[in-house]
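This report concerns only the one structure given below.
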Amino acid sequence: MDITLANGTADNCRYCLMCRHVCPVGHVTRLETLTPHGWGLTIASQRRGMAEWNEENAEVMYQCADCGTCRANCVTDQPFPDTIARVREELVGLDLAPKKVKETADRLQQWSNPYEEQEPTAATGTGDTALFVGDEAAYVGADGLAAAKRLLTAAGIDAVAVGHGRSNGYLPSSLGYTDLAAEIARANVAEITATGAKRVIVLSPGDYYAFTTLYADRLDVAWPADVEVVELVALLADDDSLSLGADDADGAYAYVDPTHSVRMPDRHEAPRSLAARVLTGEAKELFWRKERAHPVGSTALQFTDPDLANHLTWARLGDAKQVGVGILVTEDAGTLSHLSAHASRFGIEVRGLYELLADRLDA
């Protein structure tokens with residue numbers, strides 16, 4: 001992102017409170033410093049010579065979730081999350097990135113993922129359709145990945161697995177390691193190109209956002225113009241041929257919009273329609289949903305500020321208790337992992353949408 005645009009965005013946002021009320025970090029911390037308004041002031045103060053970058057204010061800049069909620073609720077479409085990433089790139093260059101940020105970047109540099117000390121599995125074969133697996137589905141969402149493959153088979157889609165175990169590039173970009181993010185992004189594009197695929201199916205909004213927006217806006221990496229990106233939930237929602245049964249024992253449930261959903265304003269109804277096909281209980285809505293959906297802790301914060309990440313997850317589970325549901329449903333591996341890790345303390349059951357659909361094929 002051009003530094004002039006980043007500075008202009010910080011100036012525009014520093015005294016604007018339009019998105020302050022939807023910032024998830026501001027909600028759980030109740031600190032004005034940790035809102036877009038506060039981060040904008042911090043950046044603008046440094047630019048005006050009223051402050052210098054140091055370890056303390058660098059820590060503040062790394063407490064933004066980079067979730068996109070501020071931009072989704074901005075009528076002037078200010079690219080504030082991209083500005084945060086650009087400032088973090090500057091802090092990396094000044095060697096002011098917090099220790100946990102550097103450690104996460106080191107793992108990404110060596111393994112292309114932050115989860116396992118294992119290199120990505122190379123794609124084999126060619127075909128018109130590729131399935132991007134990524135690192136979350138590979139290392140924290142194995143059940144969902146297996147279910148997704150069953151659903152593709154049931155839909156008559158033969159897809160070549162690509163990017164198995166490799167980040168989509170969002171995490172290093174969010175941390176401010178732009179060159180590393182671009183390197184990973186180019187590796188994903190090269191592998192997809194090698195398969196000859198003209199369509200790439202993704203399993204999460206985060207992957208869709210990375211491929212369709214982040215690569216161009218932050219990394220200057222070109223996505224192949226002749227390759228379509230589509231979410232699996234969109235494909236399944238449009239497929240009337242799938243025979244799905246429903247379980248009469250289901251209680252009231254709510255669908256959780258996964259992390260990064262706010263960056264895709266047209267995707268909200270597809271997963272809800274799929275859930276309604278296999279769950280007979282009353283469908284309720286969380287307060288923080290759709291265009292104002294808050295993330296769980298499955299952003300860069302899970303590695304750099306685990307306590308803050310946990311509070312984001314607890315807030316989503318608390319939202320469920322507030323609306324009176326005992327079941328939460330979502331499909332994104334990262335979101336599922338974080339909800340499931342803390343659900344028992346709230347008396348909530350968490351179910352994977354892909355698993356639900358696969359288990360009820362021809363039921």
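So you can find residues: chains in the structure tokens are A, B, ... in the order shown, residues in each start at 1, and ligands are numbered from 1 in order.
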Quick one: which region 271-360 of chain A residues come within 12 Å of region 204-226 of chain A, and what is the nearest atom pair for each with the distance in Å to one decimal, counting only C-alpha atoms, rows ordered by chain and ascending number, as JSON lines?
```
{"residue": "A:Pro271", "atom": "CA", "partner": "A:Ser204", "partner_atom": "CA", "distance": 11.0}
{"residue": "A:Pro295", "atom": "CA", "partner": "A:Gly206", "partner_atom": "CA", "distance": 11.2}
{"residue": "A:Ser298", "atom": "CA", "partner": "A:Gly206", "partner_atom": "CA", "distance": 10.2}
{"residue": "A:Thr299", "atom": "CA", "partner": "A:Gly206", "partner_atom": "CA", "distance": 9.7}
{"residue": "A:Thr330", "atom": "CA", "partner": "A:Ser204", "partner_atom": "CA", "distance": 10.0}
{"residue": "A:Glu331", "atom": "CA", "partner": "A:Ser204", "partner_atom": "CA", "distance": 7.3}
{"residue": "A:Asp332", "atom": "CA", "partner": "A:Ser204", "partner_atom": "CA", "distance": 5.2}
{"residue": "A:Ala333", "atom": "CA", "partner": "A:Ser204", "partner_atom": "CA", "distance": 7.8}
{"residue": "A:Gly334", "atom": "CA", "partner": "A:Ser204", "partner_atom": "CA", "distance": 9.1}
{"residue": "A:Thr335", "atom": "CA", "partner": "A:Ser204", "partner_atom": "CA", "distance": 9.6}
{"residue": "A:Leu336", "atom": "CA", "partner": "A:Ser204", "partner_atom": "CA", "distance": 11.2}
{"residue": "A:Leu353", "atom": "CA", "partner": "A:Ser204", "partner_atom": "CA", "distance": 11.5}
{"residue": "A:Tyr354", "atom": "CA", "partner": "A:Ser204", "partner_atom": "CA", "distance": 11.1}
```
All residues 8 Å or closer to Met61 (chain A), only C-alpha atoms, same chain fewer than 6 positions away omitted, as a PyMOL selection string: chain A and resi 39+84+87-88
Alpha helix (DSSP H) residues, from DSSP on the backbone, in region 174-211 of chain A, as a ChimeraX atom specification: /A:174-175,178-195,205-209
With N, CA and C atoms retained, write the just-selected residues as a PDB file, in the first residue's frame.
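What landed in again-v1.pdb:
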```pdb
ATOM      1  N   SER A 174      -0.634  -9.405   7.506  1.00  0.00           N
ATOM      2  CA  SER A 174      -1.178  -8.743   8.682  1.00  0.00           C
ATOM      3  C   SER A 174      -0.090  -8.403   9.686  1.00  0.00           C
ATOM      4  N   LEU A 175       0.936  -9.226   9.764  1.00  0.00           N
ATOM      5  CA  LEU A 175       2.038  -8.996  10.699  1.00  0.00           C
ATOM      6  C   LEU A 175       3.000  -7.911  10.222  1.00  0.00           C
ATOM      7  N   THR A 178       5.578  -8.002   4.474  1.00  0.00           N
ATOM      8  CA  THR A 178       4.995  -7.939   3.134  1.00  0.00           C
ATOM      9  C   THR A 178       5.751  -8.799   2.137  1.00  0.00           C
ATOM     10  N   ASP A 179       7.076  -8.768   2.175  1.00  0.00           N
ATOM     11  CA  ASP A 179       7.854  -9.569   1.221  1.00  0.00           C
ATOM     12  C   ASP A 179       7.586 -11.058   1.410  1.00  0.00           C
ATOM     13  N   LEU A 180       7.508 -11.489   2.648  1.00  0.00           N
ATOM     14  CA  LEU A 180       7.227 -12.897   2.933  1.00  0.00           C
ATOM     15  C   LEU A 180       5.817 -13.257   2.466  1.00  0.00           C
ATOM     16  N   ALA A 181       4.864 -12.376   2.723  1.00  0.00           N
ATOM     17  CA  ALA A 181       3.486 -12.624   2.283  1.00  0.00           C
ATOM     18  C   ALA A 181       3.415 -12.749   0.763  1.00  0.00           C
ATOM     19  N   ALA A 182       4.137 -11.873   0.067  1.00  0.00           N
ATOM     20  CA  ALA A 182       4.138 -11.918  -1.395  1.00  0.00           C
ATOM     21  C   ALA A 182       4.787 -13.200  -1.906  1.00  0.00           C
ATOM     22  N   GLU A 183       5.836 -13.638  -1.238  1.00  0.00           N
ATOM     23  CA  GLU A 183       6.502 -14.890  -1.617  1.00  0.00           C
ATOM     24  C   GLU A 183       5.537 -16.071  -1.489  1.00  0.00           C
ATOM     25  N   ILE A 184       4.806 -16.129  -0.396  1.00  0.00           N
ATOM     26  CA  ILE A 184       3.833 -17.197  -0.183  1.00  0.00           C
ATOM     27  C   ILE A 184       2.695 -17.100  -1.195  1.00  0.00           C
ATOM     28  N   ALA A 185       2.248 -15.877  -1.451  1.00  0.00           N
ATOM     29  CA  ALA A 185       1.163 -15.679  -2.416  1.00  0.00           C
ATOM     30  C   ALA A 185       1.582 -16.160  -3.802  1.00  0.00           C
ATOM     31  N   ARG A 186       2.801 -15.811  -4.204  1.00  0.00           N
ATOM     32  CA  ARG A 186       3.279 -16.245  -5.523  1.00  0.00           C
ATOM     33  C   ARG A 186       3.402 -17.769  -5.602  1.00  0.00           C
ATOM     34  N   ALA A 187       3.767 -18.397  -4.477  1.00  0.00           N
ATOM     35  CA  ALA A 187       3.849 -19.867  -4.462  1.00  0.00           C
ATOM     36  C   ALA A 187       2.465 -20.477  -4.662  1.00  0.00           C
ATOM     37  N   ASN A 188       1.451 -19.883  -4.044  1.00  0.00           N
ATOM     38  CA  ASN A 188       0.076 -20.377  -4.226  1.00  0.00           C
ATOM     39  C   ASN A 188      -0.369 -20.218  -5.673  1.00  0.00           C
ATOM     40  N   VAL A 189      -0.110 -19.037  -6.245  1.00  0.00           N
ATOM     41  CA  VAL A 189      -0.519 -18.780  -7.626  1.00  0.00           C
ATOM     42  C   VAL A 189       0.195 -19.733  -8.581  1.00  0.00           C
ATOM     43  N   ALA A 190       1.485 -19.949  -8.343  1.00  0.00           N
ATOM     44  CA  ALA A 190       2.250 -20.837  -9.223  1.00  0.00           C
ATOM     45  C   ALA A 190       1.717 -22.264  -9.173  1.00  0.00           C
ATOM     46  N   GLU A 191       1.385 -22.731  -7.985  1.00  0.00           N
ATOM     47  CA  GLU A 191       0.886 -24.095  -7.863  1.00  0.00           C
ATOM     48  C   GLU A 191      -0.471 -24.254  -8.536  1.00  0.00           C
ATOM     49  N   ILE A 192      -1.317 -23.253  -8.368  1.00  0.00           N
ATOM     50  CA  ILE A 192      -2.631 -23.293  -9.020  1.00  0.00           C
ATOM     51  C   ILE A 192      -2.474 -23.254 -10.537  1.00  0.00           C
ATOM     52  N   THR A 193      -1.603 -22.393 -11.011  1.00  0.00           N
ATOM     53  CA  THR A 193      -1.370 -22.297 -12.457  1.00  0.00           C
ATOM     54  C   THR A 193      -0.856 -23.619 -13.033  1.00  0.00           C
ATOM     55  N   ALA A 194       0.006 -24.291 -12.276  1.00  0.00           N
ATOM     56  CA  ALA A 194       0.582 -25.549 -12.745  1.00  0.00           C
ATOM     57  C   ALA A 194      -0.466 -26.638 -12.917  1.00  0.00           C
ATOM     58  N   THR A 195      -1.562 -26.564 -12.173  1.00  0.00           N
ATOM     59  CA  THR A 195      -2.612 -27.587 -12.307  1.00  0.00           C
ATOM     60  C   THR A 195      -3.481 -27.362 -13.529  1.00  0.00           C
ATOM     61  N   PRO A 205     -14.067 -17.662   4.080  1.00  0.00           N
ATOM     62  CA  PRO A 205     -14.038 -16.272   3.612  1.00  0.00           C
ATOM     63  C   PRO A 205     -12.627 -15.694   3.612  1.00  0.00           C
ATOM     64  N   GLY A 206     -11.782 -16.142   4.565  1.00  0.00           N
ATOM     65  CA  GLY A 206     -10.417 -15.638   4.616  1.00  0.00           C
ATOM     66  C   GLY A 206      -9.636 -15.964   3.361  1.00  0.00           C
ATOM     67  N   ASP A 207      -9.792 -17.194   2.860  1.00  0.00           N
ATOM     68  CA  ASP A 207      -9.106 -17.578   1.625  1.00  0.00           C
ATOM     69  C   ASP A 207      -9.642 -16.774   0.441  1.00  0.00           C
ATOM     70  N   TYR A 208     -10.952 -16.586   0.390  1.00  0.00           N
ATOM     71  CA  TYR A 208     -11.557 -15.828  -0.703  1.00  0.00           C
ATOM     72  C   TYR A 208     -11.040 -14.395  -0.696  1.00  0.00           C
ATOM     73  N   TYR A 209     -11.025 -13.785   0.472  1.00  0.00           N
ATOM     74  CA  TYR A 209     -10.528 -12.411   0.603  1.00  0.00           C
ATOM     75  C   TYR A 209      -9.063 -12.311   0.176  1.00  0.00           C
TER      76      TYR A 209
END
```
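Excluding Ala283 (chain A) itself and same-chain residues fewer than 6 positions from it, the residues having an atom within 9 Å of it are Gly251, Ala252, Tyr253, Ala254, Tyr255, Arg272, Ala275, Ala276 and Val325 of chain A, counting only C-alpha atoms.
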Expected file: the selected residues, N, CA and C atoms, as a PDB file, in the first residue's frame:
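Contents of again36.pdb, as written:
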```pdb
ATOM      1  N   GLY A 251     -31.971 -28.503  18.415  1.00  0.00           N
ATOM      2  CA  GLY A 251     -32.569 -27.394  19.145  1.00  0.00           C
ATOM      3  C   GLY A 251     -32.270 -26.080  18.452  1.00  0.00           C
ATOM      4  N   ALA A 252     -32.552 -24.982  19.153  1.00  0.00           N
ATOM      5  CA  ALA A 252     -32.293 -23.664  18.594  1.00  0.00           C
ATOM      6  C   ALA A 252     -30.793 -23.496  18.338  1.00  0.00           C
ATOM      7  N   TYR A 253     -30.467 -22.899  17.192  1.00  0.00           N
ATOM      8  CA  TYR A 253     -29.069 -22.738  16.822  1.00  0.00           C
ATOM      9  C   TYR A 253     -28.866 -21.360  16.208  1.00  0.00           C
ATOM     10  N   ALA A 254     -27.605 -20.981  16.094  1.00  0.00           N
ATOM     11  CA  ALA A 254     -27.240 -19.748  15.397  1.00  0.00           C
ATOM     12  C   ALA A 254     -26.026 -20.019  14.533  1.00  0.00           C
ATOM     13  N   TYR A 255     -26.004 -19.393  13.377  1.00  0.00           N
ATOM     14  CA  TYR A 255     -24.854 -19.479  12.499  1.00  0.00           C
ATOM     15  C   TYR A 255     -23.881 -18.369  12.875  1.00  0.00           C
ATOM     16  N   ARG A 272     -26.273 -19.871   5.670  1.00  0.00           N
ATOM     17  CA  ARG A 272     -27.493 -19.958   6.488  1.00  0.00           C
ATOM     18  C   ARG A 272     -28.530 -20.859   5.821  1.00  0.00           C
ATOM     19  N   ALA A 275     -27.424 -24.474   6.374  1.00  0.00           N
ATOM     20  CA  ALA A 275     -27.694 -24.926   7.739  1.00  0.00           C
ATOM     21  C   ALA A 275     -29.167 -25.260   7.922  1.00  0.00           C
ATOM     22  N   ALA A 276     -30.040 -24.459   7.336  1.00  0.00           N
ATOM     23  CA  ALA A 276     -31.479 -24.681   7.472  1.00  0.00           C
ATOM     24  C   ALA A 276     -31.926 -25.971   6.794  1.00  0.00           C
ATOM     25  N   VAL A 325     -29.225 -19.612  22.487  1.00  0.00           N
ATOM     26  CA  VAL A 325     -29.021 -20.819  21.686  1.00  0.00           C
ATOM     27  C   VAL A 325     -27.975 -21.703  22.346  1.00  0.00           C
TER      28      VAL A 325
END
```
At most 10 Å is the cut-off: for each residue in region 200-292 of chain A with any atom that close to an atom of region 133-152 of chain A, write down the nearest atom pair and the distance in Å rounded to one decimal, counting only C-alpha atoms, chain first then increasing number, as CSV.
```
residue,atom,partner,partner_atom,distance
A:Ile201,CA,A:Val133,CA,9.0
A:Val202,CA,A:Val133,CA,7.3
A:Leu203,CA,A:Val133,CA,7.3
A:Ser204,CA,A:Ala137,CA,9.2
A:Asp207,CA,A:Gly134,CA,8.1
A:Leu232,CA,A:Ala148,CA,8.0
A:Val233,CA,A:Ala148,CA,9.7
A:Leu235,CA,A:Leu152,CA,9.3
A:Leu236,CA,A:Leu151,CA,8.2
A:Leu242,CA,A:Leu151,CA,8.7
```
Between CA of Pro172 (chain A) and CA of Val262 (chain A) - distance in Å to one decimal: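 Atom-to-atom, CA of Val262 (chain A) to CA of Pro172 (chain A), that is 20.2 Å.
The closest residue to Ser241 (chain A), picked from A:Leu171, A:Ala154, A:Ala6, A:Cys70 and counting only C-alpha atoms, is A:Ala154.
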DSSP strand (DSSP E or B) residues within region 137-326 of chain A, as a VMD selection string: chain A and resid 160 to 164 199 to 202 228 to 231 244 247 253 to 255 279 283 to 284
Spatial neighbours of region 278-282 of chain A, 8 Å, only C-alpha atoms, chain gap at least 3 places, as a VMD selection string: chain A and resid 244 to 253 274 to 275 356 to 357 360
Residue neighbourhood Val160 (chain A), 10 Å, only C-alpha atoms, exclusion window fewer than 3 positions, as a PyMOL selection string: chain A and resi 123-133+157+192+195-197+200-201
Atom-to-atom span, CA of Cys19 (chain A) and CA of Cys67 (chain A), Å: 12.7 Å
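Using only C-alpha atoms, the shortest contact distance between Asp77 (chain A) and any of A:His311, A:Thr33, A:Thr304, A:Arg263 is found at A:Arg263.
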8 Å contact set for region 46-55 of chain A, only C-alpha atoms, chain neighbours under 2 positions out, as a PyMOL selection string: chain A and resi 7+42-44+57-59+91+96-98
With N, CA and C atoms retained, write the just-selected residues as a compact mmCIF listing (two decimals), in the first residue's frame.
```
# COMPACT_ATOMS: atom_id res chain seq x y z
N ASN A 7 -1.03 7.31 4.99
CA ASN A 7 -1.04 8.49 5.84
C ASN A 7 -2.35 9.25 5.72
N THR A 42 -2.72 7.54 16.87
CA THR A 42 -1.35 7.12 17.13
C THR A 42 -0.48 7.29 15.89
N ILE A 43 -1.00 6.85 14.74
CA ILE A 43 -0.25 6.98 13.49
C ILE A 43 -0.04 8.45 13.14
N ALA A 44 -1.11 9.24 13.20
CA ALA A 44 -1.02 10.65 12.84
C ALA A 44 -0.08 11.41 13.76
N ASN A 57 4.27 1.89 21.76
CA ASN A 57 3.22 2.17 20.78
C ASN A 57 3.25 1.17 19.62
N ALA A 58 4.38 0.47 19.42
CA ALA A 58 4.38 -0.62 18.44
C ALA A 58 3.46 -1.75 18.91
N GLU A 59 3.48 -2.05 20.20
CA GLU A 59 2.59 -3.06 20.77
C GLU A 59 1.14 -2.68 20.53
N LEU A 91 7.19 -0.81 11.09
CA LEU A 91 7.72 -1.20 12.40
C LEU A 91 8.65 -2.40 12.28
N LEU A 96 11.00 -3.07 15.48
CA LEU A 96 10.17 -2.79 16.65
C LEU A 96 8.99 -3.75 16.76
N ALA A 97 8.91 -4.73 15.87
CA ALA A 97 7.83 -5.71 15.99
C ALA A 97 8.01 -6.49 17.28
N PRO A 98 6.91 -6.74 18.02
CA PRO A 98 7.02 -7.51 19.27
C PRO A 98 7.61 -8.90 19.05
```
Spatial neighbours of Gln118 (chain A), 12 Å, only C-alpha atoms, chain gap at least 2 places, as a list in words: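 Using only C-alpha atoms, the neighbours found are Arg107, Leu108, Gln109, Gln110, Trp111, Ser112, Asn113, Pro114, Tyr115, Glu116, Pro120, Thr121, Ala122, Asp135, Ala138, Tyr139, His164, Gly165 and Arg166 of chain A.
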Write the residues you've just listed into a file as an mmCIF file, in the first residue's frame, and include N, CA and C atoms for each of them.
```
data_model
loop_
_atom_site.group_PDB
_atom_site.id
_atom_site.type_symbol
_atom_site.label_atom_id
_atom_site.label_comp_id
_atom_site.auth_asym_id
_atom_site.auth_seq_id
_atom_site.Cartn_x
_atom_site.Cartn_y
_atom_site.Cartn_z
ATOM 1 N N ARG A 107 8.436 -18.784 11.846
ATOM 2 C CA ARG A 107 7.797 -20.065 11.503
ATOM 3 C C ARG A 107 7.229 -20.017 10.087
ATOM 4 N N LEU A 108 6.624 -18.898 9.735
ATOM 5 C CA LEU A 108 6.084 -18.756 8.383
ATOM 6 C C LEU A 108 7.204 -18.790 7.339
ATOM 7 N N GLN A 109 8.305 -18.168 7.661
ATOM 8 C CA GLN A 109 9.435 -18.148 6.729
ATOM 9 C C GLN A 109 9.967 -19.555 6.482
ATOM 10 N N GLN A 110 10.023 -20.362 7.531
ATOM 11 C CA GLN A 110 10.599 -21.692 7.393
ATOM 12 C C GLN A 110 9.616 -22.720 6.862
ATOM 13 N N TRP A 111 8.350 -22.634 7.317
ATOM 14 C CA TRP A 111 7.401 -23.703 7.013
ATOM 15 C C TRP A 111 6.201 -23.252 6.179
ATOM 16 N N SER A 112 6.054 -21.969 5.935
ATOM 17 C CA SER A 112 4.908 -21.404 5.204
ATOM 18 C C SER A 112 3.602 -21.565 5.968
ATOM 19 N N ASN A 113 3.682 -21.892 7.243
ATOM 20 C CA ASN A 113 2.514 -21.962 8.107
ATOM 21 C C ASN A 113 2.993 -21.780 9.550
ATOM 22 N N PRO A 114 2.100 -21.360 10.460
ATOM 23 C CA PRO A 114 2.516 -21.149 11.846
ATOM 24 C C PRO A 114 2.180 -22.309 12.770
ATOM 25 N N TYR A 115 1.612 -23.394 12.222
ATOM 26 C CA TYR A 115 1.057 -24.458 13.057
ATOM 27 C C TYR A 115 1.993 -25.645 13.251
ATOM 28 N N GLU A 116 2.569 -26.137 12.162
ATOM 29 C CA GLU A 116 3.357 -27.359 12.200
ATOM 30 C C GLU A 116 4.705 -27.149 11.522
ATOM 31 N N PRO A 120 4.692 -27.447 2.993
ATOM 32 C CA PRO A 120 3.453 -27.731 2.267
ATOM 33 C C PRO A 120 3.577 -28.981 1.395
ATOM 34 N N THR A 121 2.469 -29.692 1.268
ATOM 35 C CA THR A 121 2.432 -30.863 0.399
ATOM 36 C C THR A 121 2.210 -30.420 -1.039
ATOM 37 N N ALA A 122 3.081 -30.805 -1.938
ATOM 38 C CA ALA A 122 2.986 -30.374 -3.332
ATOM 39 C C ALA A 122 1.761 -30.982 -3.999
ATOM 40 N N ASP A 135 -3.445 -23.746 5.323
ATOM 41 C CA ASP A 135 -2.860 -24.283 6.554
ATOM 42 C C ASP A 135 -3.889 -24.535 7.644
ATOM 43 N N ALA A 138 -5.725 -27.761 6.892
ATOM 44 C CA ALA A 138 -4.799 -28.893 6.960
ATOM 45 C C ALA A 138 -4.436 -29.255 8.389
ATOM 46 N N TYR A 139 -4.249 -28.246 9.258
ATOM 47 C CA TYR A 139 -3.676 -28.513 10.571
ATOM 48 C C TYR A 139 -4.626 -28.342 11.749
ATOM 49 N N HIS A 164 -1.818 -27.291 0.186
ATOM 50 C CA HIS A 164 -2.034 -28.079 1.394
ATOM 51 C C HIS A 164 -0.929 -27.785 2.408
ATOM 52 N N GLY A 165 -1.306 -27.100 3.504
ATOM 53 C CA GLY A 165 -0.330 -26.761 4.527
ATOM 54 C C GLY A 165 0.325 -25.407 4.340
ATOM 55 N N ARG A 166 -0.071 -24.647 3.318
ATOM 56 C CA ARG A 166 0.532 -23.332 3.076
ATOM 57 C C ARG A 166 -0.462 -22.212 3.418
#
```
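Between CA of Cys64 (chain A) and CA of His268 (chain A) lies a distance of 23.8 Å.
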Best match for closeness to Gly318 (chain A) among A:Ala72, A:Ala10, A:Ile348, A:Met18, counting only C-alpha atoms: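 Result for the nearest residue to Gly318 (chain A): A:Ile348.
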